[in-house]
$ cat protein_34.tsv   # TSV, C-alpha atoms
chain	number	residue	atom	x	y	z
M	280	MET	CA	-19.12	103.61	21.05
M	281	GLY	CA	-20.99	101.80	18.29
M	282	ASN	CA	-17.78	101.38	16.32
M	283	ASN	CA	-16.05	99.72	19.28
M	284	ILE	CA	-18.84	97.21	19.71
M	285	LEU	CA	-18.78	96.38	15.97
M	286	LYS	CA	-15.00	95.90	16.01
M	287	GLU	CA	-15.24	93.60	19.00
M	288	LYS	CA	-17.85	91.40	17.27
M	289	VAL	CA	-15.69	91.17	14.12
M	290	ARG	CA	-12.62	90.27	16.22
M	291	LYS	CA	-14.61	87.56	18.05
M	292	ASN	CA	-15.90	86.03	14.78
M	293	VAL	CA	-12.39	85.92	13.38
M	294	LYS	CA	-11.05	84.12	16.47
M	295	GLU	CA	-13.86	81.55	16.30
M	296	LYS	CA	-13.16	80.83	12.61
M	297	ILE	CA	-9.43	80.46	13.30
M	298	ALA	CA	-10.17	78.07	16.20
M	299	VAL	CA	-12.55	75.98	14.08
M	300	ALA	CA	-9.99	75.85	11.25
M	301	ASN	CA	-7.29	74.66	13.66
M	302	ILE	CA	-9.57	71.96	15.06
M	303	ARG	CA	-10.45	70.74	11.58
M	304	GLU	CA	-6.79	70.70	10.53
M	305	GLU	CA	-5.81	68.73	13.65
M	306	PHE	CA	-8.70	66.32	13.12
M	307	ASN	CA	-7.68	65.75	9.51
M	308	MET	CA	-4.07	65.12	10.53
M	309	ASN	CA	-5.14	62.63	13.20
M	310	ASN	CA	-7.37	60.84	10.72
M	311	LYS	CA	-4.52	60.60	8.25
M	312	LYS	CA	-2.24	59.21	10.95
M	313	SER	CA	-4.93	56.73	12.04
M	314	ILE	CA	-5.53	55.58	8.48
M	315	TYR	CA	-1.77	55.22	7.91
M	316	TRP	CA	-1.38	53.26	11.16
M	317	ILE	CA	-4.30	50.94	10.34
M	318	THR	CA	-2.95	50.39	6.82
M	319	SER	CA	0.51	49.59	8.19
M	320	VAL	CA	-0.90	47.10	10.71
M	321	CYS	CA	-2.94	45.37	8.00
M	322	ALA	CA	0.11	45.13	5.77
M	323	VAL	CA	2.15	43.53	8.56
M	324	CYS	CA	-0.67	41.06	9.27
M	325	VAL	CA	-0.86	40.08	5.62
M	326	ILE	CA	2.92	39.53	5.45
M	327	VAL	CA	2.97	37.48	8.68
M	328	PHE	CA	-0.02	35.39	7.55
M	329	GLY	CA	1.67	34.77	4.21
M	330	ILE	CA	4.86	33.64	5.93
M	331	ILE	CA	2.94	31.26	8.23
M	332	VAL	CA	0.89	29.76	5.39
M	333	GLY	CA	3.95	29.50	3.16
M	334	THR	CA	5.94	27.79	5.92
M	335	ASN	CA	3.14	25.32	6.63
M	336	ASN	CA	2.78	24.50	2.95
M	337	PHE	CA	6.53	24.09	2.65
M	338	ASN	CA	6.65	21.75	5.65
M	339	THR	CA	3.61	19.82	4.36
M	340	ASN	CA	5.24	19.39	0.95
M	341	ILE	CA	8.46	18.17	2.57
M	342	ASN	CA	6.56	15.67	4.75
M	343	ASN	CA	4.52	14.46	1.78
M	344	ASP	CA	7.65	14.08	-0.33
M	345	LEU	CA	9.39	12.12	2.44
M	346	TYR	CA	6.31	9.92	2.97
M	347	ALA	CA	5.98	9.22	-0.74
M	348	THR	CA	9.69	8.53	-1.07
M	349	GLU	CA	9.69	6.05	1.83
M	350	ASN	CA	6.57	4.34	0.51
M	351	GLU	CA	8.13	4.02	-2.92
M	352	LYS	CA	11.36	2.66	-1.53
M	353	SER	CA	10.04	0.33	1.17
M	354	PRO	CA	8.55	-2.37	-1.14
M	355	ASP	CA	11.82	-2.61	-3.11
M	356	ALA	CA	13.80	-2.79	0.14
M	357	LEU	CA	11.75	-5.80	1.28
M	358	VAL	CA	11.98	-7.77	-1.96
M	359	ASP	CA	15.03	-9.64	-3.20
M	360	LEU	CA	13.91	-11.68	-6.18
M	361	LYS	CA	16.16	-14.29	-7.77
M	362	ILE	CA	14.59	-16.38	-10.53
M	363	ASN	CA	16.14	-19.79	-11.21
M	364	LYS	CA	15.80	-20.68	-14.89
M	365	ILE	CA	14.83	-24.32	-15.41
M	366	GLU	CA	17.16	-26.16	-17.78
M	367	ASN	CA	15.04	-29.27	-18.16
M	368	MET	CA	12.18	-31.13	-16.51
M	369	ALA	CA	10.72	-34.63	-16.60
M	370	MET	CA	7.39	-36.13	-15.56
M	371	LYS	CA	7.04	-38.72	-12.80
M	372	LYS	CA	4.22	-40.92	-11.55
M	373	LEU	CA	2.73	-40.38	-8.12
M	374	ASN	CA	1.42	-43.13	-5.89
M	375	ALA	CA	-1.44	-41.04	-4.52
M	376	GLU	CA	-5.18	-40.51	-4.67
M	377	MET	CA	-7.21	-37.32	-5.16
M	378	LYS	CA	-10.28	-36.66	-3.02
M	379	ASP	CA	-12.79	-33.82	-2.80
M	380	PHE	CA	-13.24	-31.66	0.27
M	381	LYS	CA	-15.41	-28.78	1.44
M	382	TYR	CA	-13.81	-25.41	0.81
M	383	GLU	CA	-15.70	-23.94	3.80
M	384	ASP	CA	-13.99	-26.41	6.15
M	385	LEU	CA	-10.61	-25.37	4.77
M	386	ILE	CA	-11.27	-21.67	5.45
M	387	GLU	CA	-12.15	-22.42	9.06
M	388	LYS	CA	-8.98	-24.46	9.57
M	389	PHE	CA	-6.45	-22.23	7.77
M	390	GLU	CA	-6.85	-18.51	8.44
M	391	PHE	CA	-4.22	-17.46	5.87
M	392	ILE	CA	-6.63	-18.34	3.03
M	393	ASN	CA	-8.77	-15.33	3.96
M	394	ASN	CA	-5.71	-13.08	3.61
M	395	ILE	CA	-4.71	-14.25	0.14
M	396	GLU	CA	-4.76	-11.32	-2.26
M	397	MET	CA	-5.77	-13.22	-5.34
M	398	LEU	CA	-5.02	-11.41	-8.59
M	399	PRO	CA	-7.87	-9.58	-10.37
M	400	LYS	CA	-10.04	-11.73	-12.66
M	401	TYR	CA	-8.80	-14.97	-11.06
M	402	ASN	CA	-11.50	-17.25	-9.72
M	403	LEU	CA	-11.36	-20.48	-7.75
M	404	LYS	CA	-12.19	-23.32	-10.15
M	405	THR	CA	-11.37	-26.57	-8.39
M	406	THR	CA	-10.30	-27.80	-4.95
M	407	TYR	CA	-9.09	-31.22	-3.93
M	408	THR	CA	-6.85	-33.09	-1.51
M	409	ILE	CA	-4.08	-35.59	-2.20
M	410	PHE	CA	-3.82	-38.71	-0.02
M	411	THR	CA	-0.87	-41.07	0.19
M	412	LYS	CA	-0.30	-44.27	2.18
M	413	GLU	CA	1.10	-44.15	5.68
M	414	ASP	CA	2.58	-47.58	4.99
M	415	VAL	CA	3.71	-48.62	1.53
M	416	SER	CA	2.10	-52.02	2.02
M	417	ALA	CA	-1.27	-50.53	3.02
M	418	GLU	CA	-4.20	-50.97	0.68
M	419	GLU	CA	-5.86	-47.62	1.31
M	420	TYR	CA	-4.62	-44.09	0.83
M	421	ASN	CA	-5.15	-42.87	4.35
M	422	LEU	CA	-2.64	-40.03	4.86
M	423	LEU	CA	-3.82	-36.54	3.93
M	424	HIS	CA	-0.72	-35.11	2.29
M	425	ASP	CA	-1.75	-31.96	0.39
M	426	TYR	CA	-4.54	-29.45	-0.03
M	427	VAL	CA	-4.80	-28.00	-3.54
M	428	LEU	CA	-6.55	-24.83	-4.72
M	429	CYS	CA	-6.76	-24.14	-8.46
M	430	TYR	CA	-7.51	-20.65	-9.79
M	431	GLU	CA	-8.14	-19.57	-13.36
M	432	SER	CA	-8.39	-16.16	-15.05
M	433	ASP	CA	-10.52	-14.97	-17.94
M	434	ASN	CA	-7.65	-15.52	-20.37
M	435	LYS	CA	-7.06	-19.06	-19.06
M	436	SER	CA	-3.95	-18.25	-17.05
M	437	THR	CA	-3.77	-20.53	-14.01
M	438	ILE	CA	-2.47	-20.57	-10.45
M	439	LYS	CA	-2.28	-23.87	-8.58
M	440	MET	CA	-1.55	-23.59	-4.87
M	441	ALA	CA	-0.70	-26.76	-2.95
M	442	PHE	CA	0.18	-26.78	0.74
M	443	SER	CA	0.87	-29.46	3.30
M	444	GLU	CA	1.11	-29.77	7.07
M	445	ILE	CA	3.67	-32.58	7.02
M	446	GLU	CA	6.26	-31.92	4.29
M	447	LYS	CA	6.74	-30.42	0.83
M	448	PRO	CA	3.68	-30.94	-1.40
M	449	LEU	CA	3.96	-33.66	-4.00
M	450	ARG	CA	5.00	-32.87	-7.57
M	451	ASP	CA	4.42	-34.97	-10.65
M	452	TYR	CA	7.62	-33.76	-12.30
M	453	PHE	CA	11.34	-33.33	-11.71
M	454	ILE	CA	13.11	-30.06	-12.44
M	455	ASN	CA	16.78	-29.32	-12.89
M	456	SER	CA	17.71	-25.76	-11.90
M	457	GLN	CA	19.75	-23.73	-9.47
M	458	ASN	CA	18.33	-23.03	-6.02
M	459	GLU	CA	19.12	-19.38	-5.45
M	460	ILE	CA	17.00	-18.00	-2.62
M	461	SER	CA	14.59	-15.08	-2.98
M	462	LYS	CA	13.33	-13.08	-0.01
M	463	ILE	CA	10.17	-11.11	0.59
M	464	GLY	CA	10.42	-9.63	4.05
M	465	ASP	CA	11.82	-12.36	6.28
M	466	VAL	CA	10.40	-15.27	4.26
M	467	GLU	CA	12.64	-17.24	1.90
M	468	PHE	CA	11.41	-18.64	-1.42
M	469	ILE	CA	12.82	-20.87	-4.13
M	470	ILE	CA	11.43	-19.46	-7.37
M	471	SER	CA	12.02	-21.29	-10.66
M	472	GLN	CA	10.77	-20.44	-14.12
M	473	PHE	CA	10.09	-22.53	-17.19
M	474	GLU	CA	8.84	-20.50	-20.17
M	475	GLU	CA	5.81	-18.58	-18.79
M	476	THR	CA	5.37	-20.69	-15.66
M	477	TYR	CA	6.72	-19.84	-12.20
M	478	MET	CA	7.23	-22.64	-9.67
M	479	ILE	CA	7.62	-21.52	-6.07
M	480	THR	CA	8.33	-23.45	-2.88
M	481	PHE	CA	8.55	-22.08	0.66
M	482	ASN	CA	7.37	-22.81	4.19
M	483	ILE	CA	5.87	-20.56	6.82
M	484	ASN	CA	4.00	-21.05	10.11
M	485	GLY	CA	4.33	-24.82	9.93
M	486	LEU	CA	2.93	-25.09	6.39
M	487	TYR	CA	4.80	-26.15	3.25
M	488	PHE	CA	3.79	-24.48	-0.02
M	489	ASP	CA	4.24	-25.34	-3.67
M	490	ILE	CA	2.74	-22.89	-6.17
M	491	GLU	CA	2.60	-23.03	-9.95
M	492	ALA	CA	1.63	-19.77	-11.68
M	493	ASN	CA	1.25	-19.53	-15.43
M	494	GLY	CA	0.95	-16.29	-17.37
M	495	ILE	CA	1.54	-13.74	-14.57
M	496	THR	CA	4.12	-10.96	-14.23
M	497	GLU	CA	6.83	-10.69	-11.58
M	498	THR	CA	4.90	-7.86	-9.93
M	499	GLN	CA	1.77	-10.01	-9.71
M	500	LEU	CA	3.86	-12.86	-8.35
M	501	ILE	CA	5.25	-10.63	-5.58
M	502	THR	CA	1.73	-9.43	-4.71
M	503	LEU	CA	0.49	-13.00	-4.40
M	504	LEU	CA	3.43	-14.29	-2.35
M	505	THR	CA	3.38	-11.26	-0.05
M	506	SER	CA	-0.29	-11.76	0.79
M	507	ILE	CA	0.30	-15.41	1.67
M	508	SER	CA	3.44	-14.87	3.73
M	509	ASN	CA	2.19	-11.87	5.76

$ encode --input "protein_34.tsv" --output "structure tokens"
Amino acid sequence: MGNNILKEKVRKNVKEKIAVANIREEFNMNNKKSIYWITSVCAVCVIVFGIIVGTNNFNTNINNDLYATENEKSPDALVDLKINKIENMAMKKLNAEMKDFKYEDLIEKFEFINNIEMLPKYNLKTTYTIFTKEDVSAEEYNLLHDYVLCYESDNKSTIKMAFSEIEKPLRDYFINSQNEISKIGDVEFIISQFEETYMITFNINGLYFDIEANGITETQLITLLTSISN
């Protein structure tokens, strides 16, 4: 009798150990599967995220390249510069009178002056007006013909800008050159050059311009003319 009871206890203990071992084995297998599944999901997420980021960067680079390319090309597309070389020039005498004026009054009357992109290190030195006679027989110079602004840089290069509401500004010299037309945007210019001096005439918005620029580059010239004509 005692032996039967002992055998039954041993048999029961063995069954419990086998059951516990099976549970542990199944738990370990499930854990391994869970870890493998989580690792696989993470890997997929990393790959997808990398593709999205890479695509966005690729698209951004393309857009930036296109933007830069168009910005680099657009100024050249708007500028057609033709410089007329001056063969000879001669001085002439003007029947006119210079008078002072208030620069502040000029700014209020002509808005374009505020938009002028004057070149670095150039400062306004002198301003004056030029009067002529409405009638040749008149005694007084009573017709305001030109406004003149004179700029000077640190190295003594100069820019003289004359403009008129009635006709081309007066010149105290004759020049002999071709008249090929330059264009910046939709505005036409006659640009001549004698040594280091550019002479430019054009008209826009009812104003006639005559500019003399000494000691500047073509790039600086374009910058100046663009700011006036915009």

$ residues_near_point --input "protein_34.tsv" --point "(-7.5, -30.0, -5.8)" --cutoff "9 Å" --atoms "all atoms listed in the file" --output "ChimeraX atom specification"
/M:377-380,405-409,425-429,439-441

$ write_last_selection --input "protein_34.tsv" --atoms "C-alpha atoms" --output "PDB file, in the frame of the given file"
ATOM      1  CA  MET M 377      -7.210 -37.320  -5.160  1.00  0.00           C
ATOM      2  CA  LYS M 378     -10.280 -36.660  -3.020  1.00  0.00           C
ATOM      3  CA  ASP M 379     -12.790 -33.820  -2.800  1.00  0.00           C
ATOM      4  CA  PHE M 380     -13.240 -31.660   0.270  1.00  0.00           C
ATOM      5  CA  THR M 405     -11.370 -26.570  -8.390  1.00  0.00           C
ATOM      6  CA  THR M 406     -10.300 -27.800  -4.950  1.00  0.00           C
ATOM      7  CA  TYR M 407      -9.090 -31.220  -3.930  1.00  0.00           C
ATOM      8  CA  THR M 408      -6.850 -33.090  -1.510  1.00  0.00           C
ATOM      9  CA  ILE M 409      -4.080 -35.590  -2.200  1.00  0.00           C
ATOM     10  CA  ASP M 425      -1.750 -31.960   0.390  1.00  0.00           C
ATOM     11  CA  TYR M 426      -4.540 -29.450  -0.030  1.00  0.00           C
ATOM     12  CA  VAL M 427      -4.800 -28.000  -3.540  1.00  0.00           C
ATOM     13  CA  LEU M 428      -6.550 -24.830  -4.720  1.00  0.00           C
ATOM     14  CA  CYS M 429      -6.760 -24.140  -8.460  1.00  0.00           C
ATOM     15  CA  LYS M 439      -2.280 -23.870  -8.580  1.00  0.00           C
ATOM     16  CA  MET M 440      -1.550 -23.590  -4.870  1.00  0.00           C
ATOM     17  CA  ALA M 441      -0.700 -26.760  -2.950  1.00  0.00           C
TER      18      ALA M 441
END

$ closest_residue --input "protein_34.tsv" --among "M:Tyr401, M:Phe391, M:Phe442, M:Phe453" --to "M:Leu373" --atoms "all atoms listed in the file"
M:Phe453

$ closest_residue --input "protein_34.tsv" --among "M:Ile483, M:Leu360, M:Ala375, M:Met397" --to "M:His424" --atoms "only C-alpha atoms"
M:Ala375

$ atom_distance --input "protein_34.tsv" --atom1 "atom CA of M:Asn482" --atom2 "atom CA of M:Ser508"
8.9 Å

$ axis_aligned_box --input "protein_34.tsv" --around "stretch 425-441 of chain M" --padding-each-side "5 Å" --output "AutoDock Vina command-line options"
--center_x -5.6 --center_y -23.5 --center_z -10.0 --size_x 19.8 --size_y 27.0 --size_z 30.8

$ residues_around --input "protein_34.tsv" --residues "M:Asn421" --least-positions-apart "6" --cutoff "8 Å" --atoms "all atoms listed in the file" --output "PDB file with C-alpha atoms, keeping the file's coordinate frame"
ATOM      1  CA  PHE M 410      -3.820 -38.710  -0.020  1.00  0.00           C
ATOM      2  CA  THR M 411      -0.870 -41.070   0.190  1.00  0.00           C
ATOM      3  CA  LYS M 412      -0.300 -44.270   2.180  1.00  0.00           C
ATOM      4  CA  GLU M 413       1.100 -44.150   5.680  1.00  0.00           C
TER       5      GLU M 413
END
